[in-house]
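Have a look at the structure below, then the notes.
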Amino acid sequence: MGWVDRLTDQAEALMQARALMESSRSAEACVAFEQVIRTSDDPYVRADALVQRLSALLNLGRSAEYAAAVDHAFEAARDIAEPYLHGHLHALAALAAHHQGAFDRCVTHLVQASRALGTVPDVDRETAWGWHDLAMAYSYLSFHGHALSAIERARQLGNATGIAEETFAAPAIRLRNAVALDHHGDTDGCLRVLRDIGTDLVKFVTTGRTHLLRPSSRVAYGYALARLAALGEPARLPAGAPEATRLMIDGGDSARARDLRQLGAVCLAIAADRSAEALTRLDTAVVSAETLGAAESARLRSVAYTRCGDHVAAHDADRYAFRLANRRNDRLRDMYVDGIAARLDHEEMRRTTAQYTAEALTDPLTGLANRRQLDRYVSDLAGRADRAMVMICDLDGFKSVNTVHGHHSGDLVLQRVAGVINRVMRRGDFVARFGGDEFVVVLPGAGRVEAAEVARRITEAVAGEEWESLVPGTPVGVSVGWAEVDGTGPALRDALSRAFDVATRQMRATRQHPHPVR
């Protein structure tokens, strides 16, 4: 079931508010999301509306509201087992944390966002938008390589779900990369990236698809053209193409669009040899350092001074821009070091109090629960009257892995299989390494249909992994058997033991006579 399929109460109103966000009408969207939050009783709708409202607040630059909005969204999403929602929320929380100077927390959110979005099993529009917003977060935080990878993932999902190519054009990601190169002295690199952005725009113009571009993309294309002109390369666009000014005017109501319009006017004044006007505009412009980096205004000031022949002032402005760009990097490094130091202190204290318990209950190779923790879990389960399914997963041909490739490769295979099994579990399922190459899964509250579905996901996920690079020439698979626990209360422990035996026999039968899991 896709995320949208779960939405019931107020779903239509939520979809309309989302459409406003996609059209870069963040102020209207924010009001619409707040109306949904006030009137909906559906926890899925409320959680999604709170996440989307946080996105709108970030677009509008309403920084005083970030902290409360993040807390409310996480509280609403806490009990919802939906990886898309958590991935999208972590991406937005990373931007809010960065604004607050909490770099360590910011990076943690980015990692959690990527992991959560990477586990979404279905190809859907919502996940595509989650990757898009994660790409934007990476970009604003100067992780340009990660940003480009994430936006490519968004495009792939978008293509598969019918989202127009123009929707995820995302020129702003490459634009921030371009100006960052210029701030650090690589103007040639900046020009190459800006030309590429211009080439993309020409493609949309010649195919008559510029009207499909999102407003946020239009303003970024406009600024790229203006910045290119300020550096002495006026754009050569086909007849009928919108000019930089028109593109920036159509850029929506976000705080970043307003910043780009102000700085774009400076660029166009420089390109028209009106350096005095450009400098005056820079003196009065109020723009966020997050939009294009703190050094952008200083760099434009240097270009303006160069155009009017004041090379001493241009040199001073360039040096200042370079210092600002490196100060940002230094600040990020300092926050990272401080954050990691604080985390290490906290983890050391936590290890001191919990070391022996963790070691006693966790398999050191895979990080899964071990046999001792499985026994505890079964004992706890015996105290309740819930039904359960027990599943045995045994690797096929694992002896050949160790024989041909060695025990180190075998350990790597076990670690990867553990990760695969964890990835396809339902919320609340219990996974343990029973010993050797055998894993045990307990599915509380499940029946045979659910067990069959989980077994299918496990076998397909293991078979779908890319094993050739890890253990070339040695196929890796898994045989799965399961059994229903028939018993409650005090008799449940004996029933679990019998179910283990039945599941093990079924698993061995499956290995000897393989057939599709039903």
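Ordered as shown in the structure tokens, chains take letters A, B, and onward, while each chain numbers its residues from 1 and ligands are numbered from 1 in the order shown.
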List as a ChimeraX atom specification the protein and nucleic acid residues near Ser254 (chain A), meaning an atom at most 8 Å away when only C-alpha atoms are counted, but skip any in the same chain fewer than 5 places from it.
/A:24-26,59-61
Distance query region 33-50 of chain A at most 12 Å, only C-alpha atoms, self and fewer than 4 positions along chain excluded, as a PyMOL selection string
chain A and resi 2-21+26-29+54-57+66+68-82+84-89+92+126+130
Prev. selection, C-alpha atoms, output as a compact mmCIF listing (two decimals), in the first residue's frame:
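Heads up, here's the output in part.txt:
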# COMPACT_ATOMS: atom_id res chain seq x y z
CA GLY A 2 1.43 3.37 -1.02
CA TRP A 3 1.63 6.33 1.30
CA VAL A 4 -1.18 8.26 -0.43
CA ASP A 5 -3.43 5.17 -0.24
CA ARG A 6 -3.27 5.38 3.55
CA LEU A 7 -4.67 8.91 3.63
CA THR A 8 -8.41 9.14 4.34
CA ASP A 9 -9.84 12.11 6.20
CA GLN A 10 -8.95 15.46 4.56
CA ALA A 11 -6.83 13.66 1.93
CA GLU A 12 -8.15 15.84 -0.91
CA ALA A 13 -7.39 19.05 1.01
CA LEU A 14 -3.89 17.74 1.74
CA MET A 15 -3.28 16.96 -1.94
CA GLN A 16 -4.41 20.48 -2.89
CA ALA A 17 -2.02 22.00 -0.35
CA ARG A 18 0.80 19.83 -1.74
CA ALA A 19 0.02 21.12 -5.22
CA LEU A 20 0.49 24.67 -3.92
CA MET A 21 3.92 23.66 -2.57
CA SER A 26 4.53 28.33 0.04
CA ALA A 27 2.58 31.00 1.95
CA GLU A 28 -0.78 29.72 0.66
CA ALA A 29 0.32 26.13 1.19
CA LEU A 54 7.77 22.42 7.99
CA SER A 55 8.88 22.46 4.35
CA ALA A 56 6.75 25.55 3.71
CA LEU A 57 8.20 27.33 6.76
CA TYR A 66 11.57 25.94 12.94
CA ALA A 68 8.57 23.90 17.31
CA ALA A 69 7.61 22.74 13.82
CA VAL A 70 10.32 20.05 13.84
CA ASP A 71 9.25 18.82 17.30
CA HIS A 72 5.56 18.65 16.35
CA ALA A 73 6.31 16.79 13.12
CA PHE A 74 8.51 14.19 14.83
CA GLU A 75 5.92 13.69 17.57
CA ALA A 76 3.20 13.05 14.97
CA ALA A 77 5.40 10.70 12.91
CA ARG A 78 6.78 8.74 15.88
CA ASP A 79 4.28 5.86 15.77
CA ILE A 80 3.85 5.72 11.99
CA ALA A 81 5.92 3.03 10.29
CA GLU A 82 6.36 4.82 6.99
CA TYR A 84 9.08 7.87 3.22
CA LEU A 85 7.62 10.12 5.91
CA HIS A 86 10.60 9.73 8.24
CA GLY A 87 13.10 10.19 5.41
CA HIS A 88 11.42 13.39 4.23
CA LEU A 89 11.16 14.71 7.79
CA LEU A 92 13.88 18.95 6.40
CA GLU A 126 6.02 10.91 -2.50
CA GLY A 130 11.51 13.06 -0.44
Pick from A:Ala224, A:Val123, A:Val440, A:Val420, whichever lies nearest to Arg192 (chain A) using only C-alpha atoms:
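Distance minimum relative to Arg192 (chain A) lands on A:Ala224.
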Which one is closest to Cys393 (chain A): A:Ala295, A:Leu414, A:Leu95, A:Met507? Count only C-alpha atoms.
A:Met507
Excluding same-chain residues fewer than 5 positions from region 108-113 of chain A, what lies within 6 Å of it counting only C-alpha atoms, as number ranges by chain?
A: 87, 90-91, 94
Written selection (N, CA and C atoms) as an mmCIF file, in the first residue's frame:
data_model
loop_
_atom_site.group_PDB
_atom_site.id
_atom_site.type_symbol
_atom_site.label_atom_id
_atom_site.label_comp_id
_atom_site.auth_asym_id
_atom_site.auth_seq_id
_atom_site.Cartn_x
_atom_site.Cartn_y
_atom_site.Cartn_z
ATOM 1 N N GLY A 87 11.999 9.706 6.241
ATOM 2 C CA GLY A 87 13.099 10.194 5.415
ATOM 3 C C GLY A 87 12.912 11.650 5.036
ATOM 4 N N HIS A 90 13.430 13.888 8.174
ATOM 5 C CA HIS A 90 14.836 14.047 8.549
ATOM 6 C C HIS A 90 15.565 15.005 7.599
ATOM 7 N N ALA A 91 15.223 14.959 6.306
ATOM 8 C CA ALA A 91 15.856 15.877 5.341
ATOM 9 C C ALA A 91 15.541 17.328 5.702
ATOM 10 N N ALA A 94 17.268 18.450 8.895
ATOM 11 C CA ALA A 94 18.682 18.771 8.671
ATOM 12 C C ALA A 94 18.847 20.248 8.327
#
All residues 9 Å or closer to Leu141 (chain A), only C-alpha atoms, same chain fewer than 3 positions away omitted, as a short mmCIF file (atom, residue, chain, number, x, y, z; two decimals) with C-alpha atoms, in the first residue's frame:
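Once everything was written out, this is result-v6.cif:
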data_model
loop_
_atom_site.label_atom_id
_atom_site.label_comp_id
_atom_site.auth_asym_id
_atom_site.auth_seq_id
_atom_site.Cartn_x
_atom_site.Cartn_y
_atom_site.Cartn_z
CA ALA A 94 18.68 18.77 8.67
CA LEU A 95 18.04 22.20 7.14
CA HIS A 98 21.93 23.76 10.06
CA MET A 136 18.13 20.39 -1.66
CA ALA A 137 19.25 19.91 1.94
CA TYR A 138 22.59 18.49 0.81
CA HIS A 144 27.32 19.09 -3.62
CA GLU A 290 22.32 30.25 3.17
#
Of A:Arg433, A:His99, A:His184, A:Arg53, the one nearest to Thr366 (chain A) when counting only C-alpha atoms is A:Arg433
Test item: residues at most 8 Å from Arg125 (chain A), only C-alpha atoms, excluding those fewer than 6 positions along its chain, as a list in words:
Leu157, Gly158, Thr161 and Ile163 of chain A
With N, CA and C atoms retained, write the just-selected residues as a short mmCIF file (atom, residue, chain, number, x, y, z; two decimals), in the first residue's frame.
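Ended up saving to part14.cif:
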data_model
loop_
_atom_site.label_atom_id
_atom_site.label_comp_id
_atom_site.auth_asym_id
_atom_site.auth_seq_id
_atom_site.Cartn_x
_atom_site.Cartn_y
_atom_site.Cartn_z
N LEU A 157 12.97 8.08 -9.90
CA LEU A 157 11.65 7.76 -9.35
C LEU A 157 10.58 8.59 -10.03
N GLY A 158 10.90 9.86 -10.30
CA GLY A 158 9.93 10.71 -10.98
C GLY A 158 9.58 10.18 -12.35
N THR A 161 7.20 7.28 -12.17
CA THR A 161 5.85 7.55 -11.67
C THR A 161 5.13 8.64 -12.45
N ILE A 163 6.18 11.76 -13.29
CA ILE A 163 6.47 13.16 -12.99
C ILE A 163 7.29 13.73 -14.14
#
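Our summary of the geometry notes that CA of Asp259 (chain A) is positioned 10.0 Å from CA of Val219 (chain A).
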Point-to-point distance from CA of Thr167 (chain A) to CA of Val31 (chain A), Å rounded to tenths:
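Calculated distance between CA of Thr167 (chain A) and CA of Val31 (chain A) is 23.3 Å.
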Any idea what's packed within 10 Å of Gly293 (chain A), counting only C-alpha atoms, ignoring anything in its chain fewer than 4 positions away? Could you give it as a ChimeraX atom specification?
/A:140-142,176,179-180,183,287-289,297,321,324-325,328
What's the 8 Å shell around Val441 (chain A), counting only C-alpha atoms, without same-chain residues fewer than 6 positions away, as a ChimeraX atom specification?
/A:390-393,429-432
Restricting the calculation to only C-alpha atoms, which member of A:Val471, A:Val485, A:Ala452, A:Phe439 is positioned closest to Arg387 (chain A)?
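Closest candidate: A:Val485.
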What residues in region 275-338 of chain A get the DSSP label alpha helix (DSSP H)? Please answer as a compact mmCIF listing (two decimals) with N, CA and C atoms, in the first residue's frame.
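After the write, out_12.txt holds the following:
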# COMPACT_ATOMS: atom_id res chain seq x y z
N SER A 275 27.89 49.72 -12.97
CA SER A 275 28.53 49.23 -11.75
C SER A 275 28.11 50.02 -10.52
N ALA A 276 27.92 51.33 -10.67
CA ALA A 276 27.51 52.14 -9.52
C ALA A 276 26.16 51.68 -9.00
N GLU A 277 25.25 51.40 -9.94
CA GLU A 277 23.93 50.88 -9.52
C GLU A 277 24.08 49.52 -8.83
N ALA A 278 24.95 48.67 -9.37
CA ALA A 278 25.16 47.35 -8.77
C ALA A 278 25.67 47.48 -7.34
N LEU A 279 26.64 48.37 -7.12
CA LEU A 279 27.19 48.55 -5.77
C LEU A 279 26.15 49.10 -4.82
N THR A 280 25.31 50.03 -5.31
CA THR A 280 24.25 50.59 -4.47
C THR A 280 23.26 49.50 -4.07
N ARG A 281 22.90 48.65 -5.04
CA ARG A 281 21.98 47.55 -4.75
C ARG A 281 22.59 46.60 -3.71
N LEU A 282 23.89 46.35 -3.82
CA LEU A 282 24.53 45.47 -2.84
C LEU A 282 24.53 46.09 -1.45
N ASP A 283 24.65 47.42 -1.38
CA ASP A 283 24.64 48.09 -0.08
C ASP A 283 23.30 47.96 0.63
N THR A 284 22.22 47.84 -0.15
CA THR A 284 20.88 47.82 0.45
C THR A 284 20.25 46.43 0.46
N ALA A 289 22.67 34.31 4.05
CA ALA A 289 23.93 33.67 3.67
C ALA A 289 23.72 32.24 3.20
N GLU A 290 22.56 31.64 3.54
CA GLU A 290 22.32 30.25 3.17
C GLU A 290 21.92 30.10 1.71
N THR A 291 21.43 31.17 1.07
CA THR A 291 20.89 31.04 -0.27
C THR A 291 21.97 30.66 -1.28
N LEU A 292 23.07 31.43 -1.32
CA LEU A 292 24.18 31.14 -2.23
C LEU A 292 25.53 31.21 -1.52
N GLU A 296 28.78 35.38 -1.65
CA GLU A 296 28.27 35.78 -2.96
C GLU A 296 28.20 37.30 -3.11
N SER A 297 27.71 38.01 -2.10
CA SER A 297 27.63 39.47 -2.22
C SER A 297 29.01 40.09 -2.38
N ALA A 298 29.98 39.61 -1.62
CA ALA A 298 31.35 40.14 -1.72
C ALA A 298 31.95 39.83 -3.09
N ARG A 299 31.67 38.65 -3.61
CA ARG A 299 32.20 38.29 -4.93
C ARG A 299 31.58 39.18 -6.02
N LEU A 300 30.28 39.45 -5.94
CA LEU A 300 29.64 40.34 -6.91
C LEU A 300 30.19 41.76 -6.79
N ARG A 301 30.51 42.17 -5.57
CA ARG A 301 31.10 43.50 -5.38
C ARG A 301 32.45 43.58 -6.09
N SER A 302 33.23 42.50 -6.00
CA SER A 302 34.52 42.47 -6.68
C SER A 302 34.35 42.58 -8.19
N VAL A 303 33.37 41.84 -8.74
CA VAL A 303 33.13 41.88 -10.19
C VAL A 303 32.69 43.28 -10.61
N ALA A 304 31.86 43.93 -9.79
CA ALA A 304 31.41 45.29 -10.12
C ALA A 304 32.58 46.27 -10.12
N TYR A 305 33.44 46.16 -9.11
CA TYR A 305 34.62 47.05 -9.07
C TYR A 305 35.53 46.82 -10.28
N THR A 306 35.68 45.55 -10.67
CA THR A 306 36.51 45.26 -11.85
C THR A 306 35.93 45.90 -13.09
N ARG A 307 34.62 45.85 -13.25
CA ARG A 307 33.98 46.42 -14.43
C ARG A 307 34.19 47.94 -14.52
N HIS A 311 40.56 48.32 -9.60
CA HIS A 311 41.12 46.99 -9.38
C HIS A 311 41.60 46.77 -7.95
N VAL A 312 42.01 47.85 -7.27
CA VAL A 312 42.42 47.70 -5.87
C VAL A 312 41.22 47.28 -5.03
N ALA A 313 40.09 47.99 -5.21
CA ALA A 313 38.88 47.63 -4.46
C ALA A 313 38.39 46.24 -4.83
N ALA A 314 38.53 45.91 -6.12
CA ALA A 314 38.12 44.58 -6.57
C ALA A 314 38.95 43.49 -5.89
N HIS A 315 40.26 43.74 -5.79
CA HIS A 315 41.15 42.77 -5.15
C HIS A 315 40.77 42.59 -3.67
N ASP A 316 40.52 43.71 -2.99
CA ASP A 316 40.14 43.63 -1.57
C ASP A 316 38.82 42.87 -1.39
N ALA A 317 37.86 43.16 -2.28
CA ALA A 317 36.57 42.47 -2.17
C ALA A 317 36.72 40.98 -2.45
N ASP A 318 37.57 40.64 -3.41
CA ASP A 318 37.80 39.23 -3.72
C ASP A 318 38.43 38.49 -2.54
N ARG A 319 39.41 39.15 -1.92
CA ARG A 319 40.05 38.52 -0.75
C ARG A 319 39.04 38.32 0.37
N TYR A 320 38.15 39.31 0.53
CA TYR A 320 37.12 39.18 1.57
C TYR A 320 36.17 38.03 1.25
N ALA A 321 35.78 37.92 -0.03
CA ALA A 321 34.90 36.82 -0.44
C ALA A 321 35.57 35.48 -0.17
N PHE A 322 36.85 35.39 -0.49
CA PHE A 322 37.58 34.14 -0.26
C PHE A 322 37.62 33.80 1.23
N ARG A 323 37.85 34.84 2.07
CA ARG A 323 37.87 34.60 3.52
C ARG A 323 36.50 34.12 4.01
N LEU A 324 35.43 34.73 3.50
CA LEU A 324 34.09 34.31 3.92
C LEU A 324 33.82 32.86 3.52
N ALA A 325 34.21 32.50 2.31
CA ALA A 325 33.99 31.13 1.85
C ALA A 325 34.75 30.14 2.71
N ASN A 326 35.99 30.47 3.05
CA ASN A 326 36.78 29.55 3.88
C ASN A 326 36.35 29.59 5.33
N ARG A 327 35.84 30.75 5.77
CA ARG A 327 35.33 30.82 7.14
C ARG A 327 34.15 29.87 7.31
N ARG A 328 33.32 29.77 6.27
CA ARG A 328 32.20 28.84 6.33
C ARG A 328 32.70 27.41 6.48
N ASN A 329 33.72 27.06 5.68
CA ASN A 329 34.28 25.72 5.78
C ASN A 329 34.89 25.47 7.15
N ASP A 330 35.61 26.50 7.67
CA ASP A 330 36.20 26.35 9.00
C ASP A 330 35.13 26.18 10.06
N ARG A 331 34.05 26.96 9.92
CA ARG A 331 32.97 26.87 10.92
C ARG A 331 32.32 25.49 10.88
N LEU A 332 32.11 24.98 9.67
CA LEU A 332 31.53 23.65 9.55
C LEU A 332 32.46 22.59 10.15
N ARG A 333 33.75 22.72 9.87
CA ARG A 333 34.70 21.75 10.44
C ARG A 333 34.72 21.84 11.96
N ASP A 334 34.71 23.07 12.52
CA ASP A 334 34.73 23.22 13.97
C ASP A 334 33.49 22.61 14.60
N MET A 335 32.33 22.90 13.99
CA MET A 335 31.09 22.36 14.54
C MET A 335 31.10 20.84 14.46
N TYR A 336 31.66 20.33 13.36
CA TYR A 336 31.72 18.88 13.21
C TYR A 336 32.60 18.26 14.29
N VAL A 337 33.79 18.84 14.49
CA VAL A 337 34.71 18.30 15.50
C VAL A 337 34.08 18.40 16.89
N ASP A 338 33.48 19.57 17.21
CA ASP A 338 32.86 19.73 18.53
C ASP A 338 31.71 18.75 18.72
Could you work out how far CA of Gln156 (chain A) lies from CA of Leu225 (chain A), giving the answer in Å with one decimal?
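Between CA of Leu225 (chain A) and CA of Gln156 (chain A) the gap is 26.9 Å.
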